[in-house]
$ cat structure08.cif   # mmCIF, C-alpha atoms
data_work
loop_
_atom_site.label_atom_id
_atom_site.label_comp_id
_atom_site.auth_asym_id
_atom_site.auth_seq_id
_atom_site.Cartn_x
_atom_site.Cartn_y
_atom_site.Cartn_z
CA MET A 137 10.47 -13.17 -5.72
CA SER A 138 6.86 -13.17 -4.65
CA GLY A 139 6.28 -15.48 -7.61
CA ALA A 140 8.50 -18.08 -5.99
CA LEU A 141 6.25 -18.08 -2.96
CA ARG A 142 3.13 -18.30 -5.12
CA SER A 143 4.37 -20.79 -7.72
CA SER A 144 1.19 -22.88 -7.47
CA GLN A 145 -1.15 -19.90 -7.60
CA PRO A 146 -1.21 -17.45 -10.52
CA ALA A 147 -2.40 -13.89 -10.05
CA PHE A 148 -6.13 -13.17 -10.27
CA SER A 149 -5.78 -11.29 -13.55
CA GLU A 150 -3.99 -14.30 -15.04
CA VAL A 151 -6.98 -16.64 -14.45
CA LEU A 152 -9.81 -14.28 -15.28
CA ALA A 153 -10.11 -15.72 -18.80
CA ASP A 154 -10.51 -19.17 -17.23
CA PHE A 155 -13.44 -17.89 -15.15
CA HIS A 156 -15.12 -16.64 -18.32
CA SER A 157 -14.47 -19.89 -20.19
CA GLY A 158 -15.42 -22.10 -17.27
CA SER A 159 -12.12 -24.02 -17.27
CA GLN A 160 -11.81 -23.04 -13.61
CA THR A 161 -14.02 -21.17 -11.18
CA PRO A 162 -13.56 -18.55 -8.48
CA ARG A 163 -14.18 -21.33 -5.96
CA ASP A 164 -11.29 -23.36 -7.41
CA TYR A 165 -9.08 -20.31 -7.06
CA LEU A 166 -10.19 -19.65 -3.48
CA GLU A 167 -9.52 -23.23 -2.44
CA ARG A 168 -5.89 -22.86 -3.49
CA CYS A 169 -5.69 -19.72 -1.34
CA ILE A 170 -7.12 -21.69 1.57
CA GLU A 171 -4.55 -24.43 1.04
CA ALA A 172 -1.84 -21.76 1.32
CA ILE A 173 -3.47 -20.43 4.49
CA GLU A 174 -3.58 -23.86 6.08
CA GLU A 175 0.06 -24.47 5.21
CA LYS A 176 1.64 -21.07 6.00
CA GLU A 177 -0.60 -19.08 8.35
CA PRO A 178 0.73 -20.75 11.52
CA THR A 179 4.09 -19.15 10.70
CA VAL A 180 3.08 -16.01 8.81
CA GLN A 181 0.23 -14.98 11.15
CA ALA A 182 -1.26 -12.50 8.70
CA PHE A 183 -4.86 -12.68 9.97
CA THR A 184 -6.69 -11.36 12.98
CA HIS A 185 -9.88 -13.05 11.74
CA GLN A 186 -10.64 -15.47 8.92
CA ASN A 187 -13.89 -15.38 6.97
CA LEU A 188 -13.60 -18.63 5.01
CA THR A 189 -17.20 -19.88 5.18
CA LYS A 190 -18.58 -16.63 3.80
CA ALA A 191 -15.71 -16.44 1.32
CA ARG A 192 -16.65 -19.84 -0.08
CA GLU A 193 -20.28 -18.76 -0.39
CA ALA A 194 -19.24 -15.59 -2.19
CA ALA A 195 -16.90 -17.50 -4.53
CA ASP A 196 -19.72 -19.90 -5.44
CA ALA A 197 -22.05 -16.98 -6.17
CA SER A 198 -19.35 -15.44 -8.35
CA ALA A 199 -18.94 -18.71 -10.26
CA LYS A 200 -22.65 -18.69 -11.09
CA ARG A 201 -22.40 -15.17 -12.48
CA TYR A 202 -19.46 -16.09 -14.70
CA ALA A 203 -21.37 -19.16 -15.94
CA LYS A 204 -24.16 -16.80 -17.01
CA GLY A 205 -21.67 -14.37 -18.59
CA ALA A 206 -22.67 -11.68 -16.13
CA PRO A 207 -19.83 -10.82 -13.71
CA LEU A 208 -20.49 -7.70 -11.67
CA SER A 209 -17.12 -6.06 -12.18
CA PRO A 210 -13.49 -6.70 -13.18
CA ILE A 211 -12.85 -7.91 -9.60
CA ASP A 212 -15.79 -10.31 -9.41
CA GLY A 213 -14.47 -13.41 -7.63
CA MET A 214 -11.30 -11.77 -6.28
CA PRO A 215 -10.26 -12.88 -2.78
CA VAL A 216 -9.25 -9.81 -0.76
CA GLY A 217 -7.64 -9.09 2.62
CA ILE A 218 -8.95 -6.19 4.71
CA LYS A 219 -6.56 -4.34 7.02
CA ASP A 220 -7.85 -4.40 10.56
CA ILE A 221 -8.35 -0.66 10.94
CA ILE A 222 -11.05 -0.82 8.24
CA ASN A 223 -14.62 -1.32 9.44
CA THR A 224 -16.38 -4.59 8.59
CA ARG A 225 -19.85 -5.32 9.93
CA ASP A 226 -19.46 -9.10 9.67
CA MET A 227 -15.97 -9.32 11.23
CA PRO A 228 -14.31 -7.70 14.24
CA THR A 229 -12.23 -4.56 13.76
CA ASN A 230 -9.69 -4.56 16.60
CA MET A 231 -7.00 -2.18 15.25
CA ASN A 232 -4.38 -4.07 17.28
CA SER A 233 -5.64 -2.07 20.25
CA GLU A 234 -6.62 -3.35 23.66
CA ILE A 235 -9.37 -0.73 23.65
CA PHE A 236 -11.13 -2.30 20.65
CA GLN A 237 -10.74 -6.02 21.32
CA GLY A 238 -13.93 -7.76 20.18
CA HIS A 239 -15.32 -4.61 18.57
CA THR A 240 -17.58 -5.25 15.56
CA PRO A 241 -18.77 -2.13 13.71
CA LEU A 242 -22.38 -1.72 12.64
CA THR A 243 -21.47 -0.81 9.06
CA ASP A 244 -18.83 -1.56 6.43
CA ALA A 245 -16.24 0.97 5.37
CA ALA A 246 -16.86 2.45 1.93
CA CYS A 247 -14.06 0.39 0.38
CA VAL A 248 -15.49 -2.85 1.82
CA HIS A 249 -18.88 -1.92 0.40
CA ALA A 250 -17.20 -1.44 -2.98
CA VAL A 251 -15.58 -4.88 -2.80
CA LYS A 252 -18.90 -6.57 -2.08
CA ALA A 253 -20.69 -4.55 -4.76
CA GLY A 254 -18.17 -5.81 -7.30
CA GLY A 255 -18.57 -9.49 -6.40
CA ALA A 256 -15.20 -9.74 -4.66
CA TYR A 257 -15.05 -10.92 -1.08
CA ALA A 258 -13.01 -10.72 2.11
CA VAL A 259 -10.95 -13.76 3.07
CA GLY A 260 -10.37 -12.11 6.44
CA LYS A 261 -9.01 -9.18 8.42
CA THR A 262 -5.26 -8.65 8.34
CA VAL A 263 -2.86 -7.65 11.09
CA THR A 264 -1.95 -3.99 11.55
CA THR A 265 0.31 -2.24 13.99
CA GLU A 266 -1.57 -0.50 16.81
CA PHE A 267 -3.86 2.03 15.11
CA ALA A 268 -1.54 1.70 12.08
CA ILE A 269 1.24 3.66 13.77
CA ALA A 270 2.48 2.05 16.97
CA ARG A 271 3.00 -1.43 18.49
CA SER A 272 3.63 -4.26 16.05
CA GLY A 273 1.52 -7.37 15.63
CA PRO A 274 2.68 -11.00 15.31
CA THR A 275 3.01 -11.17 11.50
CA THR A 276 6.27 -12.51 10.05
CA ASN A 277 7.85 -12.03 6.64
CA PRO A 278 6.99 -14.97 4.31
CA HIS A 279 10.47 -14.82 2.80
CA ASN A 280 12.14 -15.27 6.20
CA PRO A 281 10.07 -15.58 9.39
CA ALA A 282 12.85 -14.02 11.48
CA HIS A 283 12.31 -10.70 9.68
CA THR A 284 9.59 -8.05 9.90
CA PRO A 285 7.03 -7.85 7.07
CA GLY A 286 7.03 -4.08 7.56
CA GLY A 287 4.31 -1.93 9.00
CA SER A 288 1.75 -0.91 9.35
CA SER A 289 -0.03 -2.97 6.66
CA SER A 290 1.81 -6.06 7.87
CA GLY A 291 -0.78 -8.76 7.32
CA SER A 292 -1.96 -7.35 4.00
CA ALA A 293 1.55 -7.47 2.51
CA ALA A 294 2.57 -10.79 4.04
CA GLY A 295 -0.74 -12.45 3.18
CA THR A 296 -0.50 -11.34 -0.43
CA ALA A 297 3.08 -12.63 -0.68
CA ALA A 298 2.11 -15.95 0.89
CA GLY A 299 -0.81 -16.52 -1.50
CA PHE A 300 -3.65 -16.09 1.01
CA PHE A 301 -5.51 -13.63 -1.26
CA SER A 302 -4.90 -11.84 -4.54
CA ALA A 303 -4.88 -8.34 -3.14
CA ALA A 304 -5.52 -6.49 0.08
CA PHE A 305 -6.31 -3.05 1.36
CA GLY A 306 -3.62 -1.26 3.30
CA THR A 307 -3.34 2.29 4.52
CA GLN A 308 -0.44 4.72 4.42
CA THR A 309 0.01 7.71 6.69
CA GLN A 310 3.77 7.80 6.23
CA GLY A 311 5.07 4.58 4.64
CA SER A 312 2.65 1.82 5.50
CA VAL A 313 1.81 0.50 2.01
CA ILE A 314 5.04 1.10 0.11
CA ARG A 315 7.41 -0.24 2.81
CA PRO A 316 5.71 -3.61 3.53
CA ALA A 317 5.26 -4.12 -0.22
CA SER A 318 9.03 -3.67 -0.60
CA PHE A 319 9.84 -5.98 2.31
CA CYS A 320 7.44 -8.73 1.19
CA GLY A 321 8.12 -8.58 -2.55
CA VAL A 322 4.64 -7.59 -3.74
CA VAL A 323 3.21 -4.62 -5.63
CA GLY A 324 2.20 -1.69 -3.45
CA PHE A 325 0.03 1.10 -4.88
CA LYS A 326 -0.77 4.31 -2.99
CA PRO A 327 -3.07 6.40 -5.20
CA THR A 328 -3.33 10.17 -5.13
CA LEU A 329 -4.58 11.42 -1.76
CA GLY A 330 -8.37 11.27 -1.68
CA SER A 331 -8.80 8.99 -4.69
CA LEU A 332 -10.17 6.21 -2.49
CA SER A 333 -12.61 6.91 0.31
CA MET A 334 -11.35 6.76 3.89
CA ASP A 335 -14.93 6.59 5.22
CA GLY A 336 -15.00 3.81 7.79
CA VAL A 337 -11.20 3.69 8.13
CA HIS A 338 -9.89 4.67 11.55
CA PRO A 339 -8.21 8.08 11.16
CA LEU A 340 -4.72 9.27 11.97
CA SER A 341 -4.11 12.40 9.89
CA LYS A 342 -6.48 13.86 7.30
CA SER A 343 -3.60 15.52 5.46
CA HIS A 344 -1.71 12.21 5.20
CA ASP A 345 -4.08 9.23 5.33
CA HIS A 346 -4.21 7.23 2.08
CA LEU A 347 -6.05 4.02 1.32
CA GLY A 348 -3.84 1.77 -0.79
CA ILE A 349 -3.50 -1.67 -2.33
CA LEU A 350 -1.08 -4.59 -1.87
CA ALA A 351 -1.35 -7.04 -4.77
CA ASP A 352 0.18 -9.89 -6.75
CA ASN A 353 0.78 -7.74 -9.79
CA VAL A 354 0.10 -4.30 -11.24
CA ASP A 355 -3.13 -5.28 -12.99
CA ASP A 356 -4.70 -6.65 -9.81
CA ALA A 357 -3.66 -3.53 -7.90
CA TRP A 358 -5.13 -1.23 -10.54
CA TRP A 359 -8.39 -3.15 -10.89
CA LEU A 360 -9.07 -3.18 -7.16
CA ALA A 361 -8.16 0.49 -6.79
CA ARG A 362 -10.04 1.60 -9.90
CA TRP A 363 -13.21 -0.29 -8.99
CA THR A 364 -13.08 1.00 -5.42
CA ALA A 365 -12.71 4.56 -6.71
CA GLU A 366 -15.67 4.02 -9.04
CA ILE A 367 -17.95 2.94 -6.20
CA ALA A 368 -16.34 4.73 -3.26
CA PRO A 369 -14.34 7.85 -4.13
CA GLU A 370 -13.60 10.26 -1.35
CA GLN A 371 -16.27 12.92 -1.04
CA ALA A 372 -15.50 16.07 -3.05
CA HIS A 373 -12.79 14.22 -5.00
CA PRO A 374 -13.04 12.96 -8.60
CA GLY A 375 -11.49 9.57 -7.79
CA LEU A 376 -9.25 7.72 -10.24
CA ALA A 377 -9.29 8.32 -13.98
CA GLY A 378 -8.45 5.44 -16.29
CA PRO A 379 -9.91 2.26 -17.75
CA LEU A 380 -12.16 0.17 -15.55
CA THR A 381 -11.65 -3.11 -17.42
CA GLY A 382 -8.96 -4.84 -19.44
CA PRO A 383 -5.25 -5.25 -18.77
CA VAL A 384 -3.13 -2.23 -17.94
CA ALA A 385 -1.39 -1.00 -21.10
CA ALA A 386 2.28 -1.01 -20.10
CA ALA A 387 4.23 2.07 -21.23
CA GLY A 388 7.84 2.80 -20.37
CA PRO A 389 8.73 6.15 -18.85
CA ALA A 390 10.64 8.49 -21.14
CA THR A 391 12.45 10.44 -18.43
CA VAL A 392 12.65 9.77 -14.70
CA GLY A 393 14.12 12.05 -12.08
CA VAL A 394 16.08 10.49 -9.23
CA LEU A 395 14.66 11.90 -5.99
CA ARG A 396 18.04 11.61 -4.30
CA THR A 397 17.13 13.01 -0.90
CA LYS A 398 18.84 12.71 2.47
CA GLY A 399 16.89 9.47 2.92
CA PHE A 400 19.46 7.77 0.69
CA ASP A 401 21.86 7.99 3.65
CA ASP A 402 19.85 5.17 5.28
CA LEU A 403 20.81 2.69 2.54
CA ASP A 404 23.47 0.08 3.26
CA ASP A 405 26.08 -0.53 0.56
CA ALA A 406 24.36 -3.60 -0.93
CA SER A 407 20.99 -1.84 -1.17
CA ALA A 408 22.54 1.28 -2.66
CA MET A 409 24.32 -0.85 -5.27
CA ALA A 410 21.09 -2.69 -6.13
CA PHE A 411 19.34 0.62 -6.74
CA GLU A 412 22.17 1.98 -8.90
CA ASP A 413 22.14 -1.25 -10.92
CA GLN A 414 18.40 -0.78 -11.43
CA LEU A 415 18.99 2.72 -12.78
CA LYS A 416 21.63 1.40 -15.19
CA GLN A 417 19.23 -1.30 -16.41
CA LEU A 418 16.49 1.25 -17.06
CA ASN A 419 18.95 3.47 -18.90
CA LYS A 420 19.98 0.55 -21.14
CA GLN A 421 16.30 0.04 -21.95
CA GLY A 422 15.98 3.60 -23.23
CA VAL A 423 14.80 5.44 -20.10
CA LYS A 424 16.53 8.78 -19.60
CA ILE A 425 17.74 9.05 -15.99
CA ILE A 426 18.12 12.59 -14.63
CA GLU A 427 19.99 13.31 -11.40
CA PRO A 428 19.32 16.45 -9.31
CA GLU A 429 22.60 18.06 -10.35
CA GLN A 430 21.42 17.83 -13.97
CA ASP A 431 18.13 19.67 -13.44
CA SER A 432 17.69 22.75 -11.30
CA LEU A 433 13.97 22.26 -10.66
CA LEU A 434 14.54 18.68 -9.50
CA ALA A 435 17.42 19.87 -7.31
CA ASP A 436 15.14 22.52 -5.79
CA LEU A 437 12.53 19.89 -4.91
CA VAL A 438 15.13 17.59 -3.36
CA SER A 439 16.42 20.49 -1.27
CA ALA A 440 12.90 21.49 -0.21
CA LEU A 441 12.18 17.92 0.97
CA ALA A 442 15.23 17.79 3.26
CA ASP A 443 13.34 18.15 6.55
CA ILE A 444 9.99 16.73 5.44
CA PRO A 445 10.27 13.51 7.49
CA GLN A 446 10.27 15.68 10.64
CA ARG A 447 7.69 18.19 9.37
CA SER A 448 5.42 15.31 8.39
CA LEU A 449 5.64 13.85 11.88
CA GLU A 450 4.74 17.22 13.40
CA LEU A 451 1.71 17.60 11.16
CA LEU A 452 0.65 14.05 11.94
CA ALA A 453 1.03 14.62 15.69
CA TYR A 454 -1.14 17.74 15.59
CA GLU A 455 -3.91 16.10 13.57
CA MET A 456 -4.07 12.85 15.53
CA ARG A 457 -4.88 14.61 18.82
CA TRP A 458 -8.47 13.52 18.18
CA PRO A 459 -9.49 10.84 18.98
CA TYR A 460 -6.21 9.70 20.51
CA ALA A 461 -6.05 12.30 23.29
CA ASP A 462 -9.42 11.04 24.49
CA TYR A 463 -8.27 7.42 24.25
CA ILE A 464 -5.43 8.36 26.58
CA VAL A 465 -7.81 10.10 29.01
CA ALA A 466 -10.16 7.12 29.10
CA HIS A 467 -7.77 4.20 28.61
CA ALA A 468 -4.23 5.44 29.28
CA GLU A 469 -2.82 2.03 30.21
CA LYS A 470 -4.20 0.47 27.01
CA VAL A 471 -2.48 2.92 24.65
CA GLY A 472 1.10 2.33 23.50
CA GLU A 473 3.98 4.61 24.38
CA ARG A 474 4.46 5.94 20.84
CA ILE A 475 0.89 7.20 20.68
CA HIS A 476 1.26 8.84 24.11
CA ASN A 477 4.37 10.62 22.83
CA LEU A 478 2.83 11.75 19.54
CA VAL A 479 -0.27 13.15 21.25
CA SER A 480 1.92 14.97 23.75
CA ASP A 481 3.99 16.45 20.91
CA GLY A 482 0.85 17.56 19.09
CA GLN A 483 -0.57 19.24 22.17
CA LYS A 484 2.56 21.40 22.46
CA MET A 485 2.02 22.86 19.00
CA THR A 486 0.07 26.03 18.31
CA ARG A 487 -2.57 26.56 15.68
CA ASP A 488 -0.15 28.86 13.86
CA ASP A 489 2.39 26.02 13.81
CA TYR A 490 -0.28 23.88 12.18
CA ILE A 491 -1.22 26.53 9.61
CA GLN A 492 2.42 26.95 8.61
CA LEU A 493 2.78 23.20 8.07
CA LEU A 494 -0.33 23.13 5.89
CA LEU A 495 1.04 26.03 3.83
CA LEU A 496 4.36 24.18 3.45
CA GLN A 497 2.53 21.10 2.27
CA LYS A 498 0.55 23.14 -0.26
CA ARG A 499 3.71 24.81 -1.64
CA LEU A 500 5.54 21.51 -2.00
CA ARG A 501 2.62 19.90 -3.80
CA ALA A 502 2.64 22.78 -6.28
CA GLN A 503 6.41 22.43 -6.63
CA LEU A 504 6.02 18.73 -7.45
CA ASN A 505 3.36 19.44 -10.04
CA SER A 506 5.61 22.02 -11.71
CA LEU A 507 7.68 19.02 -12.87
CA THR A 508 4.75 17.52 -14.79
CA GLY A 509 5.77 17.09 -18.42
CA ARG A 510 9.43 17.49 -17.50
CA PHE A 511 9.59 13.97 -16.03
CA SER A 512 7.45 10.89 -16.54
CA SER A 513 7.92 10.06 -12.85
CA LEU A 514 10.37 10.28 -9.98
CA ILE A 515 12.32 7.26 -8.76
CA LEU A 516 13.90 6.17 -5.49
CA PRO A 517 14.06 3.01 -3.34
CA ALA A 518 10.80 1.78 -1.79
CA SER A 519 12.49 1.19 1.56
CA SER A 520 15.87 1.66 3.18
CA GLY A 521 16.89 -1.86 2.18
CA PRO A 522 15.44 -5.33 2.72
CA ALA A 523 13.37 -6.17 5.78
CA PRO A 524 15.42 -5.96 8.99
CA GLU A 525 15.59 -8.89 11.36
CA GLY A 526 13.25 -8.76 14.35
CA PHE A 527 9.81 -7.26 14.92
CA GLU A 528 10.10 -4.21 17.16
CA PHE A 529 11.28 -2.04 14.27
CA THR A 530 9.15 -2.20 11.12
CA GLY A 531 11.59 -0.20 8.98
CA SER A 532 12.66 3.37 8.32
CA ARG A 533 10.11 5.81 6.89
CA GLU A 534 12.66 8.29 5.51
CA LEU A 535 12.35 7.35 1.83
CA LEU A 536 8.60 6.81 2.02
CA VAL A 537 7.17 9.88 3.64
CA TYR A 538 7.88 12.22 0.69
CA SER A 539 5.12 10.86 -1.55
CA THR A 540 2.73 10.75 1.39
CA PHE A 541 3.34 14.34 2.47
CA LEU A 542 2.98 15.40 -1.16
CA GLY A 543 -0.25 13.41 -1.58
CA ALA A 544 1.16 11.99 -4.82
CA PRO A 545 0.58 8.51 -6.28
CA ALA A 546 3.35 6.01 -5.65
CA PHE A 547 4.19 2.39 -6.44
CA SER A 548 6.54 -0.14 -4.90
CA ILE A 549 7.43 -2.75 -7.49
CA PRO A 550 9.40 -5.91 -6.65
CA THR A 551 12.38 -5.62 -8.98
CA MET A 552 15.38 -5.91 -6.65
CA GLN A 553 16.87 -8.35 -4.16
CA VAL A 554 19.44 -7.93 -1.40
CA ASP A 555 20.74 -10.80 0.77
CA SER A 556 18.07 -13.11 -0.74
CA MET A 557 15.29 -10.78 0.45
CA PRO A 558 12.96 -8.55 -1.61
CA PHE A 559 13.73 -4.86 -2.06
CA GLY A 560 11.28 -2.68 -3.95
CA LEU A 561 11.70 0.14 -6.44
CA GLN A 562 9.55 3.21 -5.76
CA LEU A 563 7.96 5.35 -8.46
CA ILE A 564 6.28 8.64 -7.58
CA GLY A 565 3.88 10.28 -10.03
CA PHE A 566 1.92 13.49 -10.28
CA HIS A 567 -1.44 14.30 -8.74
CA ASN A 568 -4.34 12.51 -10.44
CA GLU A 569 -2.00 10.97 -13.03
CA ASP A 570 -2.34 7.56 -11.38
CA TYR A 571 -2.98 5.54 -14.52
CA ALA A 572 0.06 6.97 -16.28
CA LEU A 573 2.15 5.89 -13.27
CA THR A 574 0.48 2.47 -13.26
CA ARG A 575 1.44 1.94 -16.91
CA GLN A 576 5.05 2.78 -16.09
CA ALA A 577 5.10 0.48 -13.08
CA LYS A 578 3.85 -2.42 -15.18
CA TRP A 579 6.42 -1.78 -17.90
CA ILE A 580 9.31 -1.63 -15.43
CA LEU A 581 8.16 -4.79 -13.65
CA GLU A 582 7.81 -6.68 -16.92
CA SER A 583 11.15 -5.36 -18.16
CA SER A 584 12.90 -6.50 -14.99
CA LYS A 585 11.87 -10.10 -15.73
CA ILE A 586 13.37 -10.20 -19.22
#
$ encode --input "structure08.cif" --output "structure tokens"
Amino acid sequence: MSGALRSSQPAFSEVLADFHSGSQTPRDYLERCIEAIEEKEPTVQAFTHQNLTKAREAADASAKRYAKGAPLSPIDGMPVGIKDIINTRDMPTNMNSEIFQGHTPLTDAACVHAVKAGGAYAVGKTVTTEFAIARSGPTTNPHNPAHTPGGSSSGSAAGTAAGFFSAAFGTQTQGSVIRPASFCGVVGFKPTLGSLSMDGVHPLSKSHDHLGILADNVDDAWWLARWTAEIAPEQAHPGLAGPLTGPVAAAGPATVGVLRTKGFDDLDDASAMAFEDQLKQLNKQGVKIIEPEQDSLLADLVSALADIPQRSLELLAYEMRWPYADYIVAHAEKVGERIHNLVSDGQKMTRDDYIQLLLLQKRLRAQLNSLTGRFSSLILPASSGPAPEGFEFTGSRELLVYSTFLGAPAFSIPTMQVDSMPFGLQLIGFHNEDYALTRQAKWILESSKI
């Protein structure tokens, strides 16, 4: 589906051999991205700021390194989008907030530093909802401009789908990488919590905030994530384990557990049927599909997750009191209603309430990990259907918050379609088993195209 939008522009990993041989250069590749920007950005509106002059300079420098046989990294020459809650010292970081209009940080976020250190470069800053949790921006869905691209990583997903860059950084505090990836028909990858540094990314909730990747394909997502983890892992975290170079070695899952939670109630009939058809296809390809009623430990996890969407919101509200309570004190009229409400909810909670939520999160993470070896991964839809029409509502979070609360790696892969719109399949893995999940995601995506 995203391929149809990008028919004139292959994925970065698909042209890397050309960069090495000299049959095309990173600058050639960038110019095709710029052509897509000139054609589609007036409708898509993925950017808050474009960085094309510096991008061209960086692409030319990358071309010289390839000509010498000395690229800096597997992402050397990759055009990247940077979500606009991530600090960049050479571009504004506005966070879709009236408070921060025109704000330019003094330093780059750790992930931006990693991109530059690897010879990749920012094409521009991409639209986010307000502080990645509240009011929507102007971005439209490239598949149908009357529909939301999803939030909060709106511009990163839409820009990837439209061919403006090969990959982009997004963030996920509840569903903000996986959902827009599903809606826009691109790959979304949310690594294990803490694998990628959040230094220089505006905070919401330390127990939830993930840095993630929106990309053309699984290889591009893995390369950007793996390189970023190499250069900028979160402090006191080992980062991502797995190969730093070469294509991802696809490997089909042996057994997947269907995480058939209450969130499935959000699915309309067509979306539910698309998901069931996907399960049947995987089963025909030799993947063993296990439902909760077939496995007591899986059933226990599904039961334990029943009220997690609400518990997650409570934990988020408590942790986002700083700095948002102070924003409200200093700039009340410039802060959206949803943030006012969340801060108010958090201020009503006690410290004991907070401790109990942290203990619940710890128990559930252990419960998930008890399934390691029993299942290759867990499977469920990557959203509650295709992107809804309109822009006030960026989509339900019910099916997305589980992997975030658990801190587990997750993928959205573009394998389904409903009403001519993309609809992603979500895979959830086990803590620090990100590469194993990546191999499965690639295999399923390739299998879906056969």
$ residues_near_point --input "structure08.cif" --point "(1.4, -10.3, 2.9)" --cutoff "9 Å" --atoms "all atoms listed in the file" --output "mmCIF file with C-alpha atoms, in the coordinates of the input"
data_model
loop_
_atom_site.group_PDB
_atom_site.id
_atom_site.type_symbol
_atom_site.label_atom_id
_atom_site.label_comp_id
_atom_site.auth_asym_id
_atom_site.auth_seq_id
_atom_site.Cartn_x
_atom_site.Cartn_y
_atom_site.Cartn_z
ATOM 1 C CA VAL A 180 3.080 -16.010 8.810
ATOM 2 C CA ALA A 182 -1.260 -12.500 8.700
ATOM 3 C CA THR A 262 -5.260 -8.650 8.340
ATOM 4 C CA THR A 275 3.010 -11.170 11.500
ATOM 5 C CA THR A 276 6.270 -12.510 10.050
ATOM 6 C CA ASN A 277 7.850 -12.030 6.640
ATOM 7 C CA PRO A 278 6.990 -14.970 4.310
ATOM 8 C CA PRO A 285 7.030 -7.850 7.070
ATOM 9 C CA SER A 289 -0.030 -2.970 6.660
ATOM 10 C CA SER A 290 1.810 -6.060 7.870
ATOM 11 C CA GLY A 291 -0.780 -8.760 7.320
ATOM 12 C CA SER A 292 -1.960 -7.350 4.000
ATOM 13 C CA ALA A 293 1.550 -7.470 2.510
ATOM 14 C CA ALA A 294 2.570 -10.790 4.040
ATOM 15 C CA GLY A 295 -0.740 -12.450 3.180
ATOM 16 C CA THR A 296 -0.500 -11.340 -0.430
ATOM 17 C CA ALA A 297 3.080 -12.630 -0.680
ATOM 18 C CA ALA A 298 2.110 -15.950 0.890
ATOM 19 C CA GLY A 299 -0.810 -16.520 -1.500
ATOM 20 C CA PHE A 300 -3.650 -16.090 1.010
ATOM 21 C CA PHE A 301 -5.510 -13.630 -1.260
ATOM 22 C CA ALA A 303 -4.880 -8.340 -3.140
ATOM 23 C CA ALA A 304 -5.520 -6.490 0.080
ATOM 24 C CA PRO A 316 5.710 -3.610 3.530
ATOM 25 C CA ALA A 317 5.260 -4.120 -0.220
ATOM 26 C CA CYS A 320 7.440 -8.730 1.190
ATOM 27 C CA GLY A 321 8.120 -8.580 -2.550
ATOM 28 C CA VAL A 322 4.640 -7.590 -3.740
ATOM 29 C CA LEU A 350 -1.080 -4.590 -1.870
ATOM 30 C CA ALA A 351 -1.350 -7.040 -4.770
#
$ resolve_selection --input "structure08.cif" --expression "the PyMOL selection byres ((chain A and resi 383) around 9)" --output "number ranges by chain"
A: 149, 355, 359, 379, 381-382, 384-386
$ atom_distance --input "structure08.cif" --atom1 "atom CA of Leu152 of chain A" --atom2 "atom CA of Lys200 of chain A"
14.2 Å
$ resolve_selection --input "structure08.cif" --expression "the PyMOL selection byres ((chain A and resi 388) around 8)" --output "MDAnalysis selection string"
chainID A and resid 386:387 389:390 423 575:576 579:580
$ residues_around --input "structure08.cif" --residues "Leu376 of chain A" --least-positions-apart "3" --cutoff "9 Å" --atoms "only C-alpha atoms" --output "MDAnalysis selection string"
chainID A and resid 327:328 331:332 361:362 365:366 369 568:571
$ write_last_selection --input "structure08.cif" --atoms "C-alpha atoms" --output "CSV table (one decimal), in the frame of the given file"
chain,number,residue,atom,x,y,z
A,327,PRO,CA,-3.1,6.4,-5.2
A,328,THR,CA,-3.3,10.2,-5.1
A,331,SER,CA,-8.8,9.0,-4.7
A,332,LEU,CA,-10.2,6.2,-2.5
A,361,ALA,CA,-8.2,0.5,-6.8
A,362,ARG,CA,-10.0,1.6,-9.9
A,365,ALA,CA,-12.7,4.6,-6.7
A,366,GLU,CA,-15.7,4.0,-9.0
A,369,PRO,CA,-14.3,7.8,-4.1
A,568,ASN,CA,-4.3,12.5,-10.4
A,569,GLU,CA,-2.0,11.0,-13.0
A,570,ASP,CA,-2.3,7.6,-11.4
A,571,TYR,CA,-3.0,5.5,-14.5
$ closest_residue --input "structure08.cif" --among "A:Phe541, A:Phe511, A:Trp363, A:Phe529" --to "Leu449 of chain A" --atoms "all atoms listed in the file"
A:Phe541
$ atom_distance --input "structure08.cif" --atom1 "atom CA of Asp462 of chain A" --atom2 "atom CA of Lys484 of chain A"
16.0 Å
$ resolve_selection --input "structure08.cif" --expression "the PyMOL selection byres ((chain A and resi 254) around 9)" --output "ChimeraX atom specification"
/A:207-213,249-253,255-257,363-364,367
$ closest_residue --input "structure08.cif" --among "A:Leu415, A:Val216, A:Val537, A:Val259" --to "Ser312 of chain A" --atoms "only C-alpha atoms"
A:Val537
$ atom_distance --input "structure08.cif" --atom1 "atom CA of Ala258 of chain A" --atom2 "atom CA of Tyr460 of chain A"
28.3 Å
$ closest_residue --input "structure08.cif" --among "A:Glu167, A:Glu455, A:Glu534, A:Asp335" --to "Gly311 of chain A" --atoms "only C-alpha atoms"
A:Glu534
$ residues_around --input "structure08.cif" --residues "Leu494 of chain A" --least-positions-apart "3" --cutoff "12 Å" --atoms "all atoms listed in the file" --output "ChimeraX atom specification"
/A:342-344,447-448,450-452,454-455,487-491,497-501,541-542
$ closest_residue --input "structure08.cif" --among "A:Ala194, A:Ala206, A:Cys247, A:Ile170" --to "Gly348 of chain A" --atoms "only C-alpha atoms"
A:Cys247
$ residues_around --input "structure08.cif" --residues "Ala518 of chain A" --least-positions-apart "5" --cutoff "8 Å" --atoms "all atoms listed in the file" --output "short mmCIF file (atom, residue, chain, number, x, y, z; two decimals) with C-alpha atoms, keeping the file's coordinate frame"
data_model
loop_
_atom_site.label_atom_id
_atom_site.label_comp_id
_atom_site.auth_asym_id
_atom_site.auth_seq_id
_atom_site.Cartn_x
_atom_site.Cartn_y
_atom_site.Cartn_z
CA ILE A 314 5.04 1.10 0.11
CA ARG A 315 7.41 -0.24 2.81
CA SER A 318 9.03 -3.67 -0.60
CA LEU A 535 12.35 7.35 1.83
CA LEU A 536 8.60 6.81 2.02
CA SER A 548 6.54 -0.14 -4.90
CA PHE A 559 13.73 -4.86 -2.06
CA GLY A 560 11.28 -2.68 -3.95
CA LEU A 561 11.70 0.14 -6.44
CA GLN A 562 9.55 3.21 -5.76
#
